[in-house]
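As stored in my_file-v4.pdb (PDB, C-alpha atoms):
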```
ATOM      1  CA  MET A   1     123.352 115.193 103.825
ATOM      2  CA  PRO A   2     121.435 112.154 105.205
ATOM      3  CA  GLU A   3     119.301 112.800 108.275
ATOM      4  CA  LEU A   4     119.966 111.272 111.661
ATOM      5  CA  SER A   5     117.003 109.795 113.470
ATOM      6  CA  GLU A   6     116.309 111.474 116.797
ATOM      7  CA  LEU A   7     114.895 108.251 118.169
ATOM      8  CA  LEU A   8     118.072 106.360 117.418
ATOM      9  CA  ALA A   9     120.323 108.978 118.999
ATOM     10  CA  SER A  10     119.877 107.142 122.299
ATOM     11  CA  LEU A  11     122.454 104.390 122.666
ATOM     12  CA  PRO A  12     120.156 101.681 124.120
ATOM     13  CA  ARG A  13     117.628 102.241 121.334
ATOM     14  CA  LEU A  14     120.349 102.205 118.694
ATOM     15  CA  LYS A  15     121.786  99.022 120.183
ATOM     16  CA  LEU A  16     118.394  97.319 120.215
ATOM     17  CA  VAL A  17     117.547  98.253 116.633
ATOM     18  CA  ALA A  18     121.024  97.276 115.438
ATOM     19  CA  PHE A  19     120.683  93.925 117.184
ATOM     20  CA  LEU A  20     117.288  93.239 115.620
ATOM     21  CA  GLU A  21     118.686  94.214 112.222
ATOM     22  CA  GLY A  22     120.938  91.170 112.530
ATOM     23  CA  CYS A  23     118.105  88.691 113.051
ATOM     24  CA  SER A  24     114.462  88.154 112.263
ATOM     25  CA  GLU A  25     113.132  88.001 115.819
ATOM     26  CA  ALA A  26     114.672  87.932 119.239
ATOM     27  CA  GLU A  27     113.336  87.100 122.665
ATOM     28  CA  PHE A  28     113.475  89.775 125.375
ATOM     29  CA  GLY A  29     115.762  87.791 127.695
ATOM     30  CA  THR A  30     118.158  87.014 124.864
ATOM     31  CA  VAL A  31     118.400  90.676 123.926
ATOM     32  CA  THR A  32     119.171  91.740 127.518
ATOM     33  CA  GLU A  33     121.871  89.092 127.703
ATOM     34  CA  LEU A  34     123.517  89.594 124.322
ATOM     35  CA  CYS A  35     123.221  93.390 124.267
ATOM     36  CA  GLU A  36     124.327  93.669 127.884
ATOM     37  CA  MET A  37     121.350  95.846 128.786
ATOM     38  CA  ASN A  38     119.253  95.672 131.907
ATOM     39  CA  LYS A  39     115.572  94.803 131.657
ATOM     40  CA  SER A  40     114.347  98.251 132.602
ATOM     41  CA  THR A  41     116.478 100.020 129.966
ATOM     42  CA  LEU A  42     115.433  97.549 127.300
ATOM     43  CA  SER A  43     111.811  97.828 128.289
ATOM     44  CA  LYS A  44     111.880 101.628 127.999
ATOM     45  CA  ALA A  45     113.735 101.493 124.682
ATOM     46  CA  MET A  46     111.330  99.001 123.152
ATOM     47  CA  THR A  47     108.261 100.942 124.265
ATOM     48  CA  VAL A  48     109.533 104.125 122.604
ATOM     49  CA  LEU A  49     110.426 102.251 119.432
ATOM     50  CA  GLU A  50     107.086 100.455 119.351
ATOM     51  CA  ASP A  51     105.251 103.770 119.691
ATOM     52  CA  ALA A  52     107.266 105.085 116.746
ATOM     53  CA  GLY A  53     106.317 102.038 114.695
ATOM     54  CA  TYR A  54     109.901 100.777 114.488
ATOM     55  CA  LEU A  55     109.275  97.633 116.481
ATOM     56  CA  THR A  56     106.653  94.918 116.801
ATOM     57  CA  ILE A  57     106.252  93.346 120.205
ATOM     58  CA  ILE A  58     104.717  89.873 120.317
ATOM     59  CA  LYS A  59     103.795  88.495 123.733
ATOM     60  CA  GLY A  60     103.239  84.814 124.337
ATOM     61  CA  TYR A  61     104.034  81.940 126.636
ATOM     62  CA  ALA A  62     106.620  79.168 126.779
ATOM     63  CA  GLY A  63     104.690  76.766 128.974
ATOM     64  CA  ARG A  64     103.599  79.066 131.784
ATOM     65  CA  ARG A  65     106.444  81.511 131.380
ATOM     66  CA  PRO A  66     105.560  84.717 129.621
ATOM     67  CA  LYS A  67     107.830  85.501 126.699
ATOM     68  CA  THR A  68     108.200  88.638 124.645
ATOM     69  CA  TRP A  69     109.460  88.579 121.085
ATOM     70  CA  LEU A  70     110.779  91.633 119.331
ATOM     71  CA  THR A  71     110.809  92.203 115.591
ATOM     72  CA  LEU A  72     111.945  95.207 113.610
ATOM     73  CA  THR A  73     109.276  96.593 111.272
ATOM     74  CA  ASP A  74     110.096  97.598 107.700
ATOM     75  CA  SER A  75     110.000 101.275 108.643
ATOM     76  CA  GLY A  76     112.273 100.570 111.617
ATOM     77  CA  ARG A  77     114.720  98.749 109.400
ATOM     78  CA  GLN A  78     114.681 101.599 106.895
ATOM     79  CA  ALA A  79     115.107 104.231 109.621
ATOM     80  CA  TYR A  80     118.038 102.297 111.059
ATOM     81  CA  ARG A  81     119.715 102.044 107.660
ATOM     82  CA  ASP A  82     119.261 105.765 107.040
ATOM     83  CA  HIS A  83     120.619 106.537 110.495
ATOM     84  CA  LEU A  84     123.598 104.255 109.915
ATOM     85  CA  HIS A  85     124.277 105.953 106.603
ATOM     86  CA  ALA A  86     124.126 109.378 108.247
ATOM     87  CA  LEU A  87     126.486 108.212 111.006
ATOM     88  CA  THR A  88     128.911 106.851 108.429
ATOM     89  CA  VAL A  89     128.926 110.160 106.573
ATOM     90  CA  LEU A  90     129.461 112.091 109.819
ATOM     91  CA  ALA A  91     132.220 109.775 110.955
ATOM     92  CA  GLU A  92     133.898 110.096 107.571
ATOM     93  CA  ARG A  93     133.679 113.899 107.743
ATOM     94  CA  ALA A  94     135.064 113.913 111.254
ATOM     95  CA  ARG A  95     137.977 111.781 110.130
ATOM     96  CA  ARG A  96     138.749 114.079 107.200
ATOM     97  CA  ALA A  97     138.327 117.344 109.086
ATOM     98  CA  PRO A  98     141.291 118.886 110.897
ATOM     99  CA  ASP A  99     141.457 118.118 114.594
ATOM    100  CA  THR A 100     140.281 121.602 115.587
ATOM    101  CA  ASN A 101     136.930 121.095 113.830
ATOM    102  CA  GLY A 102     136.324 117.415 114.438
ATOM    103  CA  PRO A 103     133.648 116.189 116.829
ATOM    104  CA  SER A 104     136.219 114.716 119.187
ATOM    105  CA  ALA A 105     137.969 118.069 119.330
ATOM    106  CA  ILE A 106     134.670 119.773 120.123
ATOM    107  CA  ARG A 107     134.035 117.299 122.886
ATOM    108  CA  ASN A 108     137.588 117.525 124.229
ATOM    109  CA  SER A 109     137.457 121.297 124.339
ATOM    110  CA  HIS A 110     134.630 121.161 126.892
TER     111      HIS A 110
ATOM    112  CA  MET B   1     117.835 115.768 113.422
ATOM    113  CA  GLU B   2     120.219 118.417 112.177
ATOM    114  CA  THR B   3     123.906 117.616 112.116
ATOM    115  CA  SER B   4     124.599 120.711 114.192
ATOM    116  CA  CYS B   5     122.251 119.399 116.887
ATOM    117  CA  TYR B   6     124.123 116.144 116.877
ATOM    118  CA  ILE B   7     127.427 117.964 117.254
ATOM    119  CA  LEU B   8     125.953 119.930 120.150
ATOM    120  CA  THR B   9     125.015 116.698 121.846
ATOM    121  CA  LEU B  10     128.646 115.703 121.582
ATOM    122  CA  VAL B  11     129.389 118.331 124.199
ATOM    123  CA  SER B  12     127.732 115.996 126.662
ATOM    124  CA  ASP B  13     128.588 112.337 127.151
ATOM    125  CA  ALA B  14     126.903 111.273 123.922
ATOM    126  CA  PRO B  15     128.998 109.001 121.728
ATOM    127  CA  THR B  16     130.774 110.319 118.645
ATOM    128  CA  PRO B  17     129.395 109.123 115.292
ATOM    129  CA  GLN B  18     132.237 106.634 115.072
ATOM    130  CA  GLU B  19     131.507 105.276 118.540
ATOM    131  CA  ALA B  20     127.791 104.998 117.732
ATOM    132  CA  LEU B  21     128.677 103.207 114.499
ATOM    133  CA  ASN B  22     130.915 100.784 116.352
ATOM    134  CA  VAL B  23     128.204 100.044 118.925
ATOM    135  CA  ALA B  24     125.592  99.467 116.209
ATOM    136  CA  LEU B  25     127.799  97.232 114.090
ATOM    137  CA  ALA B  26     128.880  95.216 117.124
ATOM    138  CA  ALA B  27     125.232  94.665 118.126
ATOM    139  CA  THR B  28     124.297  93.491 114.621
ATOM    140  CA  GLU B  29     127.318  91.216 114.542
ATOM    141  CA  ARG B  30     126.319  89.750 117.927
ATOM    142  CA  ALA B  31     122.836  88.923 116.635
ATOM    143  CA  GLN B  32     124.201  87.361 113.469
ATOM    144  CA  SER B  33     126.748  85.227 115.282
ATOM    145  CA  ALA B  34     124.391  84.124 118.090
ATOM    146  CA  ARG B  35     123.375  80.486 118.044
ATOM    147  CA  ALA B  36     120.073  80.378 116.240
ATOM    148  CA  ARG B  37     117.570  77.860 115.033
ATOM    149  CA  PRO B  38     119.376  75.664 112.503
ATOM    150  CA  ARG B  39     118.213  76.562 109.005
ATOM    151  CA  TRP B  40     119.437  73.365 107.394
ATOM    152  CA  ALA B  41     116.943  71.351 109.421
ATOM    153  CA  LEU B  42     113.871  72.823 107.731
ATOM    154  CA  PRO B  43     114.500  71.775 104.113
ATOM    155  CA  LEU B  44     115.838  68.425 105.297
ATOM    156  CA  ILE B  45     112.728  67.703 107.383
ATOM    157  CA  GLY B  46     110.519  68.777 104.466
ATOM    158  CA  LEU B  47     112.466  66.470 102.160
ATOM    159  CA  LEU B  48     112.147  63.533 104.562
ATOM    160  CA  VAL B  49     108.382  64.005 104.976
ATOM    161  CA  GLY B  50     107.886  64.366 101.208
ATOM    162  CA  GLY B  51     110.077  61.329 100.496
ATOM    163  CA  ASP B  52     108.235  59.299 103.105
ATOM    164  CA  VAL B  53     104.801  60.146 101.722
ATOM    165  CA  THR B  54     105.909  59.324  98.174
ATOM    166  CA  LEU B  55     107.418  55.992  99.265
ATOM    167  CA  VAL B  56     104.376  54.963 101.291
ATOM    168  CA  HIS B  57     102.030  55.899  98.451
ATOM    169  CA  THR B  58     104.155  53.877  96.038
ATOM    170  CA  ALA B  59     104.487  50.865  98.322
ATOM    171  CA  LEU B  60     100.924  50.522  99.664
ATOM    172  CA  PRO B  61      98.818  49.638  96.560
ATOM    173  CA  SER B  62     100.281  46.128  96.041
ATOM    174  CA  ASP B  63     102.126  43.560  98.108
ATOM    175  CA  GLY B  64     105.262  42.727  96.059
ATOM    176  CA  PRO B  65     108.789  42.263  97.531
ATOM    177  CA  THR B  66     109.912  45.637  96.137
ATOM    178  CA  ASN B  67     107.089  47.296  98.017
ATOM    179  CA  LYS B  68     108.258  45.774 101.292
ATOM    180  CA  VAL B  69     111.717  47.252 100.687
ATOM    181  CA  LEU B  70     110.116  50.612  99.939
ATOM    182  CA  LEU B  71     108.102  50.426 103.164
ATOM    183  CA  ALA B  72     111.267  49.556 105.102
ATOM    184  CA  VAL B  73     113.037  52.572 103.572
ATOM    185  CA  ALA B  74     110.021  54.713 104.450
ATOM    186  CA  LEU B  75     110.235  53.451 108.044
ATOM    187  CA  VAL B  76     113.959  54.322 108.219
ATOM    188  CA  LEU B  77     113.186  57.773 106.832
ATOM    189  CA  ALA B  78     110.448  58.220 109.451
ATOM    190  CA  LEU B  79     112.881  57.242 112.234
ATOM    191  CA  MET B  80     115.454  59.682 110.860
ATOM    192  CA  LEU B  81     112.739  62.308 110.840
ATOM    193  CA  PHE B  82     111.885  61.746 114.511
ATOM    194  CA  GLY B  83     115.583  61.866 115.431
ATOM    195  CA  LEU B  84     115.995  65.069 113.509
ATOM    196  CA  LEU B  85     112.940  66.639 115.109
ATOM    197  CA  ALA B  86     114.262  65.762 118.574
ATOM    198  CA  ARG B  87     117.618  67.307 117.704
ATOM    199  CA  PHE B  88     115.891  70.306 116.212
ATOM    200  CA  LYS B  89     113.975  70.842 119.451
ATOM    201  CA  ARG B  90     117.160  70.600 121.534
ATOM    202  CA  ALA B  91     119.002  72.978 119.208
ATOM    203  CA  TRP B  92     116.096  75.394 119.452
ATOM    204  CA  LYS B  93     116.199  75.333 123.251
ATOM    205  CA  ALA B  94     119.958  75.926 123.186
ATOM    206  CA  ALA B  95     119.471  78.835 120.814
ATOM    207  CA  ALA B  96     117.607  80.633 123.601
ATOM    208  CA  GLY B  97     115.473  82.921 121.613
ATOM    209  CA  ILE B  98     116.929  84.065 118.328
ATOM    210  CA  VAL B  99     115.421  83.486 114.917
ATOM    211  CA  PRO B 100     117.707  84.131 111.976
ATOM    212  CA  ARG B 101     116.487  86.382 109.198
ATOM    213  CA  SER B 102     114.987  84.800 106.157
ATOM    214  CA  LEU B 103     112.633  85.826 103.388
ATOM    215  CA  TYR B 104     109.974  83.424 104.540
ATOM    216  CA  ASP B 105     110.036  83.826 108.292
ATOM    217  CA  GLN B 106     107.233  86.309 108.717
ATOM    218  CA  PRO B 107     104.776  85.101 111.356
ATOM    219  CA  VAL B 108     101.573  83.700 109.873
ATOM    220  CA  GLN B 109      98.218  83.627 111.631
ATOM    221  CA  GLU B 110      96.963  80.222 112.745
ATOM    222  CA  TRP B 111      93.881  80.243 110.479
ATOM    223  CA  LYS B 112      96.057  80.891 107.419
ATOM    224  CA  ARG B 113      98.272  77.957 108.328
ATOM    225  CA  LEU B 114      95.261  75.666 108.842
ATOM    226  CA  ALA B 115      93.657  76.928 105.625
ATOM    227  CA  LEU B 116      96.814  76.028 103.744
ATOM    228  CA  LEU B 117      96.788  72.511 105.222
ATOM    229  CA  PHE B 118      93.097  72.140 104.367
ATOM    230  CA  VAL B 119      93.666  73.285 100.788
ATOM    231  CA  SER B 120      96.664  70.950 100.420
ATOM    232  CA  LEU B 121      94.740  67.951 101.750
ATOM    233  CA  THR B 122      91.681  68.733  99.612
ATOM    234  CA  LEU B 123      93.816  69.068  96.501
ATOM    235  CA  CYS B 124      95.606  65.799  97.282
ATOM    236  CA  THR B 125      92.302  63.975  97.813
ATOM    237  CA  PHE B 126      90.864  65.465  94.630
ATOM    238  CA  ALA B 127      94.012  64.648  92.665
ATOM    239  CA  ALA B 128      94.009  61.076  94.017
ATOM    240  CA  GLY B 129      90.719  60.457  92.217
ATOM    241  CA  LEU B 130      92.083  61.729  88.908
ATOM    242  CA  LEU B 131      95.691  60.598  88.942
ATOM    243  CA  SER B 132      97.477  57.431  89.869
ATOM    244  CA  GLY B 133     100.998  56.031  90.213
ATOM    245  CA  TRP B 134     103.932  58.434  90.054
ATOM    246  CA  MET B 135     101.685  61.156  88.665
ATOM    247  CA  TYR B 136     100.083  61.291  92.106
ATOM    248  CA  ASN B 137     102.837  60.017  94.400
ATOM    249  CA  ILE B 138     105.467  62.611  93.543
ATOM    250  CA  PRO B 139     103.194  65.697  93.674
ATOM    251  CA  SER B 140     101.635  64.500  96.953
ATOM    252  CA  GLY B 141     105.139  64.029  98.414
ATOM    253  CA  LEU B 142     106.041  67.542  97.273
ATOM    254  CA  VAL B 143     102.875  69.004  98.803
ATOM    255  CA  TYR B 144     103.282  67.287 102.194
ATOM    256  CA  GLY B 145     107.035  67.948 102.339
ATOM    257  CA  GLY B 146     106.577  71.556 101.275
ATOM    258  CA  TRP B 147     103.835  72.113 103.800
ATOM    259  CA  THR B 148     105.953  70.658 106.637
ATOM    260  CA  TRP B 149     108.818  72.962 105.675
ATOM    261  CA  PHE B 150     106.456  75.926 105.490
ATOM    262  CA  ALA B 151     104.861  75.170 108.869
ATOM    263  CA  LEU B 152     108.174  74.552 110.657
ATOM    264  CA  ALA B 153     109.702  77.727 109.276
ATOM    265  CA  ARG B 154     107.009  79.609 111.189
ATOM    266  CA  TRP B 155     107.191  77.599 114.375
ATOM    267  CA  ARG B 156     108.620  79.330 117.415
ATOM    268  CA  ALA B 157     109.233  77.297 120.525
ATOM    269  CA  PRO B 158     108.030  79.957 122.947
ATOM    270  CA  SER B 159     104.489  80.165 121.647
ATOM    271  CA  CYS B 160     103.151  83.458 120.438
ATOM    272  CA  ARG B 161      99.749  84.869 119.695
ATOM    273  CA  ASN B 162      99.587  84.058 115.986
TER     274      ASN B 162
END
```

The structure in this file should be written as structure tokens.
Amino acid sequence: MPELSELLASLPRLKLVAFLEGCSEAEFGTVTELCEMNKSTLSKAMTVLEDAGYLTIIKGYAGRRPKTWLTLTDSGRQAYRDHLHALTVLAERARRAPDTNGPSAIRNSH
Amino acid sequence: METSCYILTLVSDAPTPQEALNVALAATERAQSARARPRWALPLIGLLVGGDVTLVHTALPSDGPTNKVLLAVALVLALMLFGLLARFKRAWKAAAGIVPRSLYDQPVQEWKRLALLFVSLTLCTFAAGLLSGWMYNIPSGLVYGGWTWFALARWRAPSCRN
């Protein structure tokens, strides 16, 4: 059974990593806009991911405006792929399992 | 994280695996479909610079009528290059901060970039003493064109620390 990453269990962090998986680098403002996240949420998510070594943060300037570029590291990319694989397996199991045992049933029962 | 832990988190408002999958795939799709720096521009600009250098090197040594035609073609290529660079800059601004993934788009430190230019220029100067005609013109065009491509592939409009 593939392991889920605890770090990527948070939706904003998962969204950010998934977004960066689709490109080489992205600018902070672009990520907030395209991922529909507010700056504070994104900032928290990227700090946690940077501490875990999943993300590289590059700060610079466009003229006088400060800009922040985000890049997924190799370990971040690998962790995301593993997490995605684990999610796929879980989703597949949930689909196959009878309704009484499926995750949605567990959630609905509460 | 254990699967059972994940299922326990489902008791709260956490997304189901399928929902998390959908969110992740949608985010990746958004990044891939976002307007990004045009990739076609880089090889084309490299080709134009290389072609220009080769033409100028071929045309300059003597003053025949063919050479004037070659210089005129080189001038047209240079104008096309400036037009393309202007368009490239506009497209980059419109892209608003996304760089598409590529094998060669890892950021390179400034000194490495300058060292590469220095090595290329030194080699070209050294080769110019040993070779002549097409033996020199074509390789020098390839070196200059290749270097331009290489340098532009690492250029990001909002400057960064590298």

### Task
Considering all atoms listed in the file, extract the chain A residues located within 6 Å of chain B and return them as a list in words.
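Result: Leu4, Glu6, Lys15, Ala18, Phe19, Gly22, Cys23, Ser24, Glu25, Ala26, Glu27, Thr30, Gly60, Tyr61, Ala62, Leu87, Ala91 and Arg107 of chain A.
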
#### Entry: Contacts of Leu42 in chain A within 8 Å, all atoms listed in the file, excl. fewer than 2 positions in-chain, as a VMD selection string
chain A and resid 12 to 13 16 32 37 to 40 44 to 46

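Put simply, CA of His83 in chain A is 5.7 Å away from CA of Ser5 in chain A.
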
### Expansion of the PyMOL selection byres ((chain B and resi 48-57) around 7) into residues, as JSON, numbers by chain
{"B": [44, 45, 46, 47, 58, 59, 60, 70, 71, 74, 77, 78, 81, 137, 138, 140, 141, 142, 144, 145]}

### Straight-line distance linking CA of Asp63 in chain B with CA of Met80 in chain B, stated in Å to one decimal
24.5 Å

### Query
Counting only C-alpha atoms, what is within 8 Å of Ser75 in chain A, bar same-chain residues fewer than 4 positions away, as a list in words?
Gly53, Tyr54 and Ala79 of chain A

### Task
Could you check how far CA of Trp40 in chain B sits from CA of Phe118 in chain B, in Å to one decimal?
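Rounded to one decimal, the two atoms are 26.5 Å apart.
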
### Query
Could you write out as an NGL selection string the residues that the PyMOL selection byres ((chain A and resi 70) around 8) matches in the shown file?
:A and (20 or 25-28 or 55-58 or 68-69 or 71-72)
